[in-house]
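Printed here is structure22.cif (mmCIF, C-alpha atoms):
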data_model
#
loop_
_atom_site.label_atom_id
_atom_site.label_comp_id
_atom_site.auth_asym_id
_atom_site.auth_seq_id
_atom_site.Cartn_x
_atom_site.Cartn_y
_atom_site.Cartn_z
CA ALA Z 1 73.03 -63.50 -47.86
CA GLN Z 2 74.67 -65.06 -44.84
CA SER Z 3 74.16 -68.76 -44.29
CA VAL Z 4 75.52 -71.75 -42.44
CA ALA Z 5 75.33 -75.41 -43.30
CA GLN Z 6 75.61 -78.43 -41.07
CA PRO Z 7 76.14 -81.32 -43.47
CA GLU Z 8 75.47 -84.09 -40.97
CA ASP Z 9 72.05 -84.71 -39.45
CA GLN Z 10 73.57 -87.05 -36.89
CA VAL Z 11 77.00 -87.90 -35.54
CA ASN Z 12 77.63 -91.07 -33.55
CA VAL Z 13 80.67 -91.35 -31.31
CA ALA Z 14 81.86 -93.79 -28.68
CA GLU Z 15 82.51 -92.37 -25.24
CA GLY Z 16 86.14 -91.38 -24.84
CA ASN Z 17 86.71 -90.88 -28.56
CA PRO Z 18 87.23 -87.46 -30.11
CA LEU Z 19 84.21 -85.84 -31.73
CA THR Z 20 83.76 -83.36 -34.55
CA VAL Z 21 80.54 -81.63 -35.57
CA LYS Z 22 80.89 -79.87 -38.89
CA CYS Z 23 79.78 -76.40 -39.93
CA THR Z 24 80.47 -74.41 -43.07
CA TYR Z 25 79.49 -70.83 -43.65
CA SER Z 26 78.88 -68.32 -46.40
CA VAL Z 27 79.13 -64.65 -45.50
CA SER Z 28 80.01 -61.33 -47.00
CA GLY Z 29 82.65 -59.68 -44.89
CA ASN Z 30 84.11 -61.01 -41.67
CA PRO Z 31 82.12 -63.81 -40.08
CA TYR Z 32 80.84 -63.84 -36.53
CA LEU Z 33 80.27 -67.52 -35.78
CA PHE Z 34 78.63 -69.31 -32.87
CA TRP Z 35 77.93 -72.76 -31.52
CA TYR Z 36 74.93 -73.53 -29.33
CA VAL Z 37 73.82 -76.78 -27.70
CA GLN Z 38 70.28 -77.90 -26.96
CA TYR Z 39 69.58 -80.66 -24.48
CA PRO Z 40 66.22 -82.45 -24.72
CA ASN Z 41 63.25 -80.24 -23.86
CA ARG Z 42 65.50 -77.31 -23.05
CA GLY Z 43 66.41 -73.98 -24.62
CA LEU Z 44 69.66 -73.34 -26.44
CA GLN Z 45 72.84 -72.78 -24.45
CA PHE Z 46 75.81 -70.83 -25.76
CA LEU Z 47 79.02 -72.84 -26.17
CA LEU Z 48 81.50 -70.56 -27.91
CA LYS Z 49 81.97 -67.91 -30.55
CA TYR Z 50 84.50 -66.64 -33.05
CA ILE Z 51 84.72 -62.96 -33.83
CA THR Z 52 88.37 -62.33 -34.54
CA GLY Z 53 91.79 -63.43 -33.41
CA ASP Z 54 92.98 -66.95 -32.67
CA ASN Z 55 91.52 -69.53 -35.04
CA LEU Z 56 91.10 -72.03 -32.22
CA VAL Z 57 88.32 -70.95 -29.89
CA LYS Z 58 87.78 -72.61 -26.52
CA GLY Z 59 84.34 -72.78 -24.98
CA SER Z 60 82.21 -74.37 -22.31
CA TYR Z 61 82.24 -78.02 -21.24
CA GLY Z 62 85.61 -78.73 -22.89
CA PHE Z 63 84.45 -77.89 -26.40
CA GLU Z 64 86.52 -75.97 -28.89
CA ALA Z 65 86.07 -74.90 -32.48
CA GLU Z 66 88.49 -74.27 -35.28
CA PHE Z 67 87.89 -71.38 -37.65
CA ASN Z 68 89.27 -72.04 -41.14
CA LYS Z 69 88.90 -69.12 -43.49
CA SER Z 70 90.15 -70.89 -46.61
CA GLN Z 71 87.70 -73.74 -46.15
CA THR Z 72 84.94 -71.46 -44.75
CA SER Z 73 84.46 -73.88 -41.90
CA PHE Z 74 83.93 -73.66 -38.17
CA HIS Z 75 83.93 -77.23 -36.88
CA LEU Z 76 83.14 -78.03 -33.26
CA LYS Z 77 85.49 -80.45 -31.53
CA LYS Z 78 86.10 -82.19 -28.26
CA PRO Z 79 89.07 -84.46 -27.52
CA SER Z 80 87.14 -87.00 -25.46
CA ALA Z 81 83.36 -87.36 -25.75
CA LEU Z 82 81.06 -87.98 -22.79
CA VAL Z 83 77.66 -89.64 -22.84
CA SER Z 84 76.32 -86.41 -21.34
CA ASP Z 85 77.44 -84.54 -24.50
CA SER Z 86 74.57 -86.20 -26.37
CA ALA Z 87 72.41 -83.32 -27.58
CA LEU Z 88 71.47 -81.21 -30.58
CA TYR Z 89 74.18 -78.80 -31.74
CA PHE Z 90 73.57 -75.67 -33.77
CA CYS Z 91 76.03 -73.56 -35.67
CA ALA Z 92 75.02 -69.93 -36.28
CA VAL Z 93 76.30 -66.84 -38.04
CA ARG Z 94 75.51 -63.25 -37.20
CA ASP Z 95 73.48 -61.50 -39.84
CA GLY Z 96 73.80 -57.76 -40.02
CA GLY Z 97 74.35 -55.13 -37.39
CA GLN Z 98 71.39 -55.99 -35.19
CA GLY Z 99 72.99 -59.17 -33.92
CA ASN Z 100 70.39 -61.45 -35.50
CA LEU Z 101 71.55 -65.04 -35.83
CA ILE Z 102 71.05 -67.40 -38.74
CA PHE Z 103 71.09 -70.99 -37.55
CA GLY Z 104 72.03 -74.20 -39.25
CA LYS Z 105 69.57 -77.08 -39.19
CA GLY Z 106 71.31 -78.74 -36.29
CA THR Z 107 73.31 -81.92 -35.80
CA LYS Z 108 72.25 -84.57 -33.34
CA LEU Z 109 75.24 -85.91 -31.44
CA SER Z 110 74.88 -89.34 -29.90
CA VAL Z 111 77.63 -90.58 -27.60
CA LYS Z 112 77.40 -94.26 -26.68
CA PRO Z 113 79.05 -95.83 -23.63
CA ASN A 1 68.02 -63.81 -11.49
CA ALA A 2 65.66 -65.97 -13.57
CA GLY A 3 67.17 -65.09 -16.96
CA VAL A 4 64.69 -65.57 -19.79
CA THR A 5 61.32 -67.09 -18.94
CA GLN A 6 58.47 -68.07 -21.24
CA THR A 7 54.78 -68.52 -20.50
CA PRO A 8 53.09 -70.92 -21.08
CA LYS A 9 55.27 -74.01 -21.46
CA PHE A 10 52.66 -75.96 -23.42
CA ARG A 11 49.49 -75.03 -25.26
CA VAL A 12 47.00 -76.72 -27.54
CA LEU A 13 44.84 -74.54 -29.78
CA LYS A 14 42.15 -75.20 -32.31
CA THR A 15 42.46 -73.72 -35.78
CA GLY A 16 41.32 -70.12 -35.76
CA GLN A 17 41.88 -69.49 -32.07
CA SER A 18 44.17 -66.75 -30.86
CA MET A 19 46.77 -66.67 -28.15
CA THR A 20 49.69 -64.68 -26.80
CA LEU A 21 53.05 -66.04 -25.72
CA LEU A 22 54.91 -64.06 -23.11
CA CYS A 23 58.67 -63.72 -22.87
CA ALA A 24 60.22 -61.98 -19.89
CA GLN A 25 63.85 -61.23 -19.10
CA ASP A 26 65.37 -59.74 -15.98
CA MET A 27 68.82 -58.96 -17.37
CA ASN A 28 68.01 -55.48 -18.68
CA HIS A 29 68.73 -56.59 -22.25
CA GLU A 30 67.91 -54.25 -25.11
CA TYR A 31 67.44 -56.88 -27.79
CA MET A 32 64.79 -59.57 -27.77
CA TYR A 33 63.90 -62.25 -30.32
CA TRP A 34 61.22 -64.79 -31.14
CA TYR A 35 62.17 -67.97 -33.01
CA ARG A 36 60.33 -71.07 -34.03
CA GLN A 37 61.99 -74.47 -34.14
CA ASP A 38 60.76 -77.17 -36.47
CA PRO A 39 62.34 -80.60 -37.03
CA GLY A 40 65.11 -80.51 -39.60
CA MET A 41 64.84 -76.75 -40.04
CA GLY A 42 66.80 -75.32 -37.17
CA LEU A 43 65.62 -72.08 -35.62
CA ARG A 44 64.01 -69.41 -37.75
CA LEU A 45 63.58 -65.83 -36.65
CA ILE A 46 59.97 -64.61 -36.50
CA HIS A 47 60.28 -61.07 -35.13
CA TYR A 48 62.76 -59.16 -33.07
CA SER A 49 63.09 -55.95 -31.10
CA VAL A 50 66.10 -53.71 -30.58
CA GLY A 51 64.53 -51.77 -27.74
CA GLU A 52 61.36 -50.87 -25.89
CA GLY A 53 58.64 -49.78 -28.28
CA THR A 54 60.37 -51.12 -31.41
CA THR A 55 59.79 -54.31 -33.38
CA ALA A 56 60.95 -55.66 -36.73
CA LYS A 57 60.22 -58.63 -38.97
CA GLY A 58 62.47 -61.63 -39.20
CA GLU A 59 62.59 -64.47 -41.67
CA VAL A 60 59.10 -65.92 -41.07
CA PRO A 61 56.81 -63.17 -39.70
CA ASP A 62 53.54 -64.03 -41.46
CA GLY A 63 50.70 -64.94 -39.12
CA TYR A 64 52.40 -63.45 -36.07
CA ASN A 65 52.40 -60.09 -34.35
CA VAL A 66 54.60 -58.81 -31.55
CA SER A 67 54.74 -56.02 -29.03
CA ARG A 68 57.45 -54.64 -26.76
CA LEU A 69 55.67 -52.20 -24.49
CA LYS A 70 58.10 -52.80 -21.63
CA LYS A 71 61.81 -53.42 -21.94
CA GLN A 72 61.64 -56.67 -20.03
CA ASN A 73 58.72 -58.22 -21.95
CA PHE A 74 58.29 -59.33 -25.55
CA LEU A 75 54.90 -60.71 -26.56
CA LEU A 76 54.22 -62.95 -29.54
CA GLY A 77 50.63 -63.12 -30.75
CA LEU A 78 48.83 -65.49 -33.06
CA GLU A 79 45.58 -63.90 -34.19
CA SER A 80 44.14 -66.92 -36.01
CA ALA A 81 46.15 -70.05 -35.39
CA ALA A 82 46.82 -72.52 -38.20
CA PRO A 83 48.17 -76.08 -38.05
CA SER A 84 51.32 -74.82 -39.82
CA GLN A 85 52.08 -72.85 -36.67
CA THR A 86 52.50 -76.02 -34.64
CA SER A 87 56.06 -75.65 -33.41
CA VAL A 88 58.31 -74.98 -30.47
CA TYR A 89 58.76 -71.28 -29.87
CA PHE A 90 61.87 -69.83 -28.28
CA CYS A 91 62.50 -66.37 -26.98
CA ALA A 92 65.99 -64.93 -26.60
CA SER A 93 67.53 -61.70 -25.38
CA LYS A 94 70.92 -59.99 -25.48
CA THR A 95 72.76 -56.75 -24.99
CA SER A 96 74.53 -55.07 -27.89
CA ALA A 97 77.76 -56.84 -26.92
CA SER A 98 76.60 -60.17 -25.53
CA THR A 99 75.50 -63.44 -27.06
CA GLN A 100 71.86 -64.45 -27.09
CA TYR A 101 70.34 -66.05 -24.00
CA PHE A 102 67.44 -68.38 -24.67
CA GLY A 103 64.32 -69.22 -22.75
CA PRO A 104 63.11 -72.80 -22.17
CA GLY A 105 60.59 -72.76 -25.01
CA THR A 106 56.83 -73.06 -25.53
CA ARG A 107 55.47 -76.12 -27.27
CA LEU A 108 52.39 -75.14 -29.29
CA THR A 109 50.08 -77.56 -31.05
CA VAL A 110 47.37 -76.30 -33.37
CA LEU A 111 44.68 -78.85 -34.20
#

Rewritten as structure tokens:
Amino acid sequence: AQSVAQPEDQVNVAEGNPLTVKCTYSVSGNPYLFWYVQYPNRGLQFLLKYITGDNLVKGSYGFEAEFNKSQTSFHLKKPSALVSDSALYFCAVRDGGQGNLIFGKGTKLSVKP
Amino acid sequence: NAGVTQTPKFRVLKTGQSMTLLCAQDMNHEYMYWYRQDPGMGLRLIHYSVGEGTTAKGEVPDGYNVSRLKKQNFLLGLESAAPSQTSVYFCASKTSASTQYFGPGTRLTVL
């Protein structure tokens, strides 16, 4: 069965520092991987996805993610964190042909001034 | 273009009561989904639909029913609410090629 894991419940970063939010996956076949962000009291917003091609995927709001097949990871990164990046981040993998997503438990990112 | 909307935004029920949550999308998407979000558990798929008139079970379907009578609407019903169904419910929609677009959520409390 497909699954994703987000090993950190919370990540704390100082504004201006680089940030990484970790995600590992377990799939049969080629993975379709996604990152979503949820701001307080809001729905999820799509950030980026990996389907095939370049291992470094660029997305919205300056975020990028690196797909690493050997380590089965898809970590979310940003070179310089903003206080406004503080939110809940979800990694997801597509499950099956219907496009259903399996989500990780989420990582709370806190960026302090 | 409102995207995905959900009605109501908040609701409090007593155990045993019934209610229906409405999800509407104006993007002509074929696929629609209902998730529940609980602290520390991420989002879990309740039911989904791949087109008008079709529905299928997700990971946690027990206690819920759904209907997709019109392409733009996806209804989630609770026939006899239980405290374990206290959660935030999200609807999402997509085309066959797009990513999922999420609604703003419905916060349900069952007393």

Residues of chain Z within 8 Å of chain A, counting all atoms listed in the file, what are they? List them as a count of residues only.
14

Who sits within 12 Å of Z:Ser26, all atoms listed in the file, same chain under 6 positions skipped, as a list in words
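Once the adjacent positions are removed, what remains is Ala1, Gln2, Ser3, Val4, Ala5, Gln6, Tyr32, Leu33, Lys69, Ser70, Gln71, Thr72, Ser73, Phe74, Ala92, Val93, Arg94, Asp95, Ile102 and Gly104 of chain Z.
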
Neighbour list for Z:Lys78 as a count of residues only, cut-off 10 Å, only C-alpha atoms, skip fewer than 4 positions in-chain:
14

For Z:Phe34, which residue out of Z:Leu109, Z:Ala87, Z:Asp9, Z:His75 is the nearest one, using all atoms listed in the file?
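Looking only at the distances to Z:Phe34, the closest residue turns out to be Z:His75.
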
Would you list the contacts of Z:Gly53 as an MDAnalysis selection string, taking every protein, DNA or RNA residue within 12 Å and counting all atoms listed in the file, but skipping same-chain residues closer than 6 positions in sequence?
chainID Z and resid 30:32 66:69

Using the selection just defined, write its residues with C-alpha atoms as a compact mmCIF listing (two decimals), in the frame of the given file.
# COMPACT_ATOMS: atom_id res chain seq x y z
CA ASN Z 30 84.11 -61.01 -41.67
CA PRO Z 31 82.12 -63.81 -40.08
CA TYR Z 32 80.84 -63.84 -36.53
CA GLU Z 66 88.49 -74.27 -35.28
CA PHE Z 67 87.89 -71.38 -37.65
CA ASN Z 68 89.27 -72.04 -41.14
CA LYS Z 69 88.90 -69.12 -43.49

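Considering the residues A:Met27, A:Val110, A:Ala2, A:Ile46 and counting all atoms listed in the file, A:Ser84 has its shortest atom-to-atom contact with A:Val110.
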
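Taken over the whole file, the PyMOL selection byres ((chain A and resi 111) around 8) covers exactly Val12, Leu13, Lys14, Thr15, Ala82, Pro83, Thr109 and Val110 of chain A.
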
So how many Å separate atom CA of A:Asp62 and atom CA of A:Ala81, to one decimal?
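Interatomic distance here is 11.3 Å.
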
re atom CA of Z:Glu8 and atom CA of Z:Ser84: distance 19.8 Å

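As for atom CA of Z:Val57 and atom CA of Z:Lys77, they are spaced 10.0 Å apart.
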
Written as a PDB file with C-alpha atoms, in the coordinates of the input, what is the full residue list that the PyMOL selection byres ((chain A and resi 51-53) around 7) yields on the file shown?
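Done, and the output landed in selection_8.pdb:
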ATOM      1  CA  GLU A  30      67.910 -54.250 -25.110  1.00  0.00           C
ATOM      2  CA  TYR A  31      67.440 -56.880 -27.790  1.00  0.00           C
ATOM      3  CA  SER A  49      63.090 -55.950 -31.100  1.00  0.00           C
ATOM      4  CA  VAL A  50      66.100 -53.710 -30.580  1.00  0.00           C
ATOM      5  CA  THR A  54      60.370 -51.120 -31.410  1.00  0.00           C
ATOM      6  CA  THR A  55      59.790 -54.310 -33.380  1.00  0.00           C
ATOM      7  CA  ARG A  68      57.450 -54.640 -26.760  1.00  0.00           C
ATOM      8  CA  LEU A  69      55.670 -52.200 -24.490  1.00  0.00           C
ATOM      9  CA  LYS A  70      58.100 -52.800 -21.630  1.00  0.00           C
ATOM     10  CA  LYS A  71      61.810 -53.420 -21.940  1.00  0.00           C
TER      11      LYS A  71
END

As AutoDock Vina command-line options, please: the centre and edge lengths in Å, to one decimal, of an axis-aligned box enclosing every listed atom of stretch 43-49 of chain Z with 4 Å added on each side.
--center_x 74.2 --center_y -70.9 --center_z -27.5 --size_x 23.6 --size_y 14.1 --size_z 14.1

Check what the PyMOL selection byres ((chain A and resi 80) around 6) selects in the file above and give those residues as a list in words.
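That selection, the PyMOL selection byres ((chain A and resi 80) around 6), comes back as Gly16, Gln17, Ser18, Leu78, Glu79 and Ala81 of chain A.
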
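Nearest-residue note for Z:Thr107: choosing from Z:Asp54, Z:Gly29, Z:Pro79, Z:Tyr39, the minimum distance belongs to Z:Tyr39, counting all atoms listed in the file.
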
A:Thr5, A:Ser93, A:Ser87, A:Ser67: which is nearest A:Cys23, counting all atoms listed in the file?
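Among A:Thr5, A:Ser93, A:Ser87, A:Ser67, it is A:Thr5 that comes nearest to A:Cys23.
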
Please determine, counting only C-alpha atoms, which residue among A:Leu75, A:Val66, A:Leu108, A:Ala56 has the shortest atom-to-atom distance to A:Gln25.
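Of the candidates, the smallest distance to A:Gln25 is held by A:Leu75.
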
Can you fill out stretch 82-94 of chain Z with N, CA, C and O atoms and hand it back as a PDB file, in the coordinates of the input?
ATOM      1  N   LEU Z  82      81.784 -87.423 -23.929  1.00  0.00           N
ATOM      2  CA  LEU Z  82      81.060 -87.980 -22.790  1.00  0.00           C
ATOM      3  C   LEU Z  82      79.639 -88.318 -23.213  1.00  0.00           C
ATOM      4  O   LEU Z  82      79.080 -87.656 -24.100  1.00  0.00           O
ATOM      5  N   VAL Z  83      79.057 -89.306 -22.539  1.00  0.00           N
ATOM      6  CA  VAL Z  83      77.660 -89.640 -22.840  1.00  0.00           C
ATOM      7  C   VAL Z  83      76.769 -88.415 -22.630  1.00  0.00           C
ATOM      8  O   VAL Z  83      75.816 -88.176 -23.382  1.00  0.00           O
ATOM      9  N   SER Z  84      77.107 -87.606 -21.651  1.00  0.00           N
ATOM     10  CA  SER Z  84      76.320 -86.410 -21.340  1.00  0.00           C
ATOM     11  C   SER Z  84      76.438 -85.320 -22.419  1.00  0.00           C
ATOM     12  O   SER Z  84      75.700 -84.328 -22.367  1.00  0.00           O
ATOM     13  N   ASP Z  85      77.344 -85.488 -23.373  1.00  0.00           N
ATOM     14  CA  ASP Z  85      77.440 -84.540 -24.500  1.00  0.00           C
ATOM     15  C   ASP Z  85      76.351 -84.793 -25.535  1.00  0.00           C
ATOM     16  O   ASP Z  85      76.177 -84.000 -26.466  1.00  0.00           O
ATOM     17  N   SER Z  86      75.632 -85.882 -25.421  1.00  0.00           N
ATOM     18  CA  SER Z  86      74.570 -86.200 -26.370  1.00  0.00           C
ATOM     19  C   SER Z  86      73.514 -85.099 -26.343  1.00  0.00           C
ATOM     20  O   SER Z  86      72.922 -84.807 -25.290  1.00  0.00           O
ATOM     21  N   ALA Z  87      73.304 -84.479 -27.490  1.00  0.00           N
ATOM     22  CA  ALA Z  87      72.410 -83.320 -27.580  1.00  0.00           C
ATOM     23  C   ALA Z  87      72.331 -82.891 -29.039  1.00  0.00           C
ATOM     24  O   ALA Z  87      72.924 -83.506 -29.921  1.00  0.00           O
ATOM     25  N   LEU Z  88      71.601 -81.815 -29.261  1.00  0.00           N
ATOM     26  CA  LEU Z  88      71.470 -81.210 -30.580  1.00  0.00           C
ATOM     27  C   LEU Z  88      72.368 -79.972 -30.624  1.00  0.00           C
ATOM     28  O   LEU Z  88      72.292 -79.123 -29.735  1.00  0.00           O
ATOM     29  N   TYR Z  89      73.215 -79.884 -31.638  1.00  0.00           N
ATOM     30  CA  TYR Z  89      74.180 -78.800 -31.740  1.00  0.00           C
ATOM     31  C   TYR Z  89      73.864 -77.937 -32.961  1.00  0.00           C
ATOM     32  O   TYR Z  89      73.636 -78.441 -34.056  1.00  0.00           O
ATOM     33  N   PHE Z  90      73.883 -76.634 -32.711  1.00  0.00           N
ATOM     34  CA  PHE Z  90      73.570 -75.670 -33.770  1.00  0.00           C
ATOM     35  C   PHE Z  90      74.751 -74.739 -33.990  1.00  0.00           C
ATOM     36  O   PHE Z  90      75.292 -74.166 -33.047  1.00  0.00           O
ATOM     37  N   CYS Z  91      75.089 -74.574 -35.240  1.00  0.00           N
ATOM     38  CA  CYS Z  91      76.030 -73.560 -35.670  1.00  0.00           C
ATOM     39  C   CYS Z  91      75.215 -72.339 -36.118  1.00  0.00           C
ATOM     40  O   CYS Z  91      74.108 -72.494 -36.646  1.00  0.00           O
ATOM     41  N   ALA Z  92      75.743 -71.135 -35.897  1.00  0.00           N
ATOM     42  CA  ALA Z  92      75.020 -69.930 -36.280  1.00  0.00           C
ATOM     43  C   ALA Z  92      75.993 -68.863 -36.734  1.00  0.00           C
ATOM     44  O   ALA Z  92      77.152 -68.836 -36.311  1.00  0.00           O
ATOM     45  N   VAL Z  93      75.507 -67.973 -37.581  1.00  0.00           N
ATOM     46  CA  VAL Z  93      76.300 -66.840 -38.040  1.00  0.00           C
ATOM     47  C   VAL Z  93      75.507 -65.565 -37.791  1.00  0.00           C
ATOM     48  O   VAL Z  93      74.282 -65.553 -37.916  1.00  0.00           O
ATOM     49  N   ARG Z  94      76.201 -64.508 -37.419  1.00  0.00           N
ATOM     50  CA  ARG Z  94      75.510 -63.250 -37.200  1.00  0.00           C
ATOM     51  C   ARG Z  94      75.176 -62.605 -38.537  1.00  0.00           C
ATOM     52  O   ARG Z  94      76.013 -62.581 -39.453  1.00  0.00           O
TER      53      ARG Z  94
END
